[in-house]
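Text of protein_18.cif, listed as mmCIF, C-alpha atoms:
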```
data_my_file
loop_
_atom_site.group_PDB
_atom_site.id
_atom_site.type_symbol
_atom_site.label_atom_id
_atom_site.label_comp_id
_atom_site.auth_asym_id
_atom_site.auth_seq_id
_atom_site.Cartn_x
_atom_site.Cartn_y
_atom_site.Cartn_z
ATOM 1 C CA MET A 1 -2.587 -8.061 -9.173
ATOM 2 C CA GLU A 2 0.135 -7.542 -11.704
ATOM 3 C CA LEU A 3 -0.924 -6.401 -15.167
ATOM 4 C CA TYR A 4 0.262 -9.570 -16.898
ATOM 5 C CA GLN A 5 -1.496 -11.806 -14.375
ATOM 6 C CA GLY A 6 -4.697 -9.809 -14.828
ATOM 7 C CA LEU A 7 -4.536 -10.134 -18.601
ATOM 8 C CA ILE A 8 -3.986 -13.882 -18.682
ATOM 9 C CA THR A 9 -6.542 -14.709 -15.981
ATOM 10 C CA ARG A 10 -9.357 -12.443 -17.156
ATOM 11 C CA ARG A 11 -12.772 -13.952 -17.789
ATOM 12 C CA SER A 12 -16.243 -12.984 -18.844
ATOM 13 C CA ILE A 13 -18.913 -12.810 -16.154
ATOM 14 C CA ARG A 14 -22.527 -13.412 -17.204
ATOM 15 C CA LYS A 15 -24.206 -14.208 -13.872
ATOM 16 C CA TYR A 16 -24.800 -11.533 -11.263
ATOM 17 C CA THR A 17 -26.100 -11.383 -7.706
ATOM 18 C CA GLY A 18 -28.207 -8.254 -8.241
ATOM 19 C CA GLU A 19 -26.477 -6.646 -5.257
ATOM 20 C CA ARG A 20 -26.245 -2.855 -5.559
ATOM 21 C CA ILE A 21 -22.832 -1.466 -6.512
ATOM 22 C CA ASP A 22 -21.474 1.525 -4.598
ATOM 23 C CA GLU A 23 -21.228 4.782 -6.552
ATOM 24 C CA GLU A 24 -17.512 4.898 -5.732
ATOM 25 C CA LYS A 25 -16.952 1.523 -7.439
ATOM 26 C CA ILE A 26 -18.957 2.582 -10.492
ATOM 27 C CA GLN A 27 -16.801 5.703 -10.823
ATOM 28 C CA ALA A 28 -13.652 3.530 -10.571
ATOM 29 C CA ILE A 29 -14.975 1.263 -13.356
ATOM 30 C CA LEU A 30 -15.668 4.284 -15.571
ATOM 31 C CA LYS A 31 -12.221 5.703 -14.882
ATOM 32 C CA ALA A 32 -10.631 2.371 -15.845
ATOM 33 C CA GLY A 33 -12.639 2.419 -19.081
ATOM 34 C CA MET A 34 -11.314 5.882 -19.885
ATOM 35 C CA TYR A 35 -7.756 4.511 -19.757
ATOM 36 C CA ALA A 36 -8.504 2.184 -22.680
ATOM 37 C CA PRO A 37 -6.872 3.280 -25.929
ATOM 38 C CA SER A 38 -8.967 4.978 -28.584
ATOM 39 C CA ALA A 39 -8.421 5.521 -32.302
ATOM 40 C CA ARG A 40 -6.056 8.468 -32.829
ATOM 41 C CA ASN A 41 -6.436 9.208 -29.098
ATOM 42 C CA GLN A 42 -9.808 10.848 -29.788
ATOM 43 C CA ARG A 43 -11.198 9.651 -26.424
ATOM 44 C CA PRO A 44 -14.858 9.569 -27.491
ATOM 45 C CA TRP A 45 -16.221 8.665 -24.059
ATOM 46 C CA HIS A 46 -19.962 8.454 -23.780
ATOM 47 C CA PHE A 47 -21.059 6.317 -20.829
ATOM 48 C CA ILE A 48 -24.637 5.939 -19.626
ATOM 49 C CA ILE A 49 -25.158 4.238 -16.267
ATOM 50 C CA ILE A 50 -28.506 2.472 -15.996
ATOM 51 C CA ASP A 51 -29.876 1.278 -12.679
ATOM 52 C CA ASP A 52 -33.568 1.444 -13.541
ATOM 53 C CA ARG A 53 -34.969 -2.095 -13.727
ATOM 54 C CA GLU A 54 -37.715 -1.082 -16.193
ATOM 55 C CA VAL A 55 -35.199 0.428 -18.612
ATOM 56 C CA MET A 56 -33.068 -2.734 -18.439
ATOM 57 C CA LYS A 57 -36.144 -4.861 -19.180
ATOM 58 C CA LYS A 58 -36.836 -2.748 -22.269
ATOM 59 C CA ILE A 59 -33.240 -3.178 -23.421
ATOM 60 C CA MET A 60 -33.548 -6.956 -23.012
ATOM 61 C CA LYS A 61 -36.612 -6.947 -25.282
ATOM 62 C CA VAL A 62 -34.751 -5.320 -28.186
ATOM 63 C CA HIS A 63 -31.110 -6.383 -27.773
ATOM 64 C CA PRO A 64 -30.403 -10.065 -28.477
ATOM 65 C CA TYR A 65 -27.272 -10.234 -26.276
ATOM 66 C CA SER A 66 -28.550 -8.508 -23.142
ATOM 67 C CA ALA A 67 -30.099 -11.404 -21.208
ATOM 68 C CA MET A 68 -27.517 -10.943 -18.424
ATOM 69 C CA LEU A 69 -29.288 -7.700 -17.447
ATOM 70 C CA ALA A 70 -32.015 -9.772 -15.804
ATOM 71 C CA GLU A 71 -29.719 -10.310 -12.798
ATOM 72 C CA ALA A 72 -27.485 -7.211 -13.020
ATOM 73 C CA SER A 73 -28.006 -4.229 -10.723
ATOM 74 C CA HIS A 74 -26.498 -1.770 -13.207
ATOM 75 C CA ALA A 75 -25.638 -1.516 -16.879
ATOM 76 C CA ILE A 76 -23.060 0.678 -18.541
ATOM 77 C CA VAL A 77 -23.931 1.665 -22.087
ATOM 78 C CA VAL A 78 -20.860 2.729 -24.059
#
```

Could I get this structure in the form of structure tokens?
Amino acid sequence: MELYQGLITRRSIRKYTGERIDEEKIQAILKAGMYAPSARNQRPWHFIIIDDREVMKKIMKVHPYSAMLAEASHAIVV
């Protein structure tokens, strides 16, 4: 997919299958996130990968915008 096409067709996904994501794909997602620009190129990357269902349930109890974790297999905390 060309960059322009990707930018204009992007969308937000809020429903998940719960299917496990391969470690290789998770690493690719993190790498893509590290290419995002940062203020003054400081690159303050702090990513936490969560795949523990109990931890995600606790997050849903305290974070008002985390309901999508109910169906997600992983969460990335930035």

Just the residues within 12 Å of Glu23 (chain A), please, counting all atoms listed in the file, with nothing from its chain fewer than 5 positions along; format it as a list in words.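 Residues meeting the cut-off are Ala28, Ile29, Leu30, Ile49, Asp51 and His74 of chain A.
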
Determine the residue set returned by the PyMOL selection byres ((chain A and resi 17-21) around 10) for the present structure, and present it as a PyMOL selection string. chain A and resi 15-16+22-26+51+69-74

So the first atom is CA of Gln27 (chain A) and the second is CA of Phe47 (chain A); what is the distance between them in Å, to one decimal place? 10.9 Å

With the PyMOL selection byres ((chain A and resi 77) around 8) as the selection, what would be picked from this file? Answer as a ChimeraX atom specification, please. /A:47-50,75-76,78

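Reported to one decimal place, the separation of CA of Gly6 (chain A) from CA of Gln42 (chain A) is 26.0 Å.
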
Grab the CA of Met60 (chain A) to CA of Arg14 (chain A) distance for me, in Å with one decimal place. 14.0 Å

Assuming 8 Å of padding per side, give the centre and edge lengths of the axis-aligned box around every listed atom of region 39-49 of chain A, in Å to one decimal and as AutoDock Vina command-line options.
```
--center_x -15.6 --center_y 7.5 --center_z -24.5 --size_x 35.1 --size_y 22.6 --size_z 32.6
```
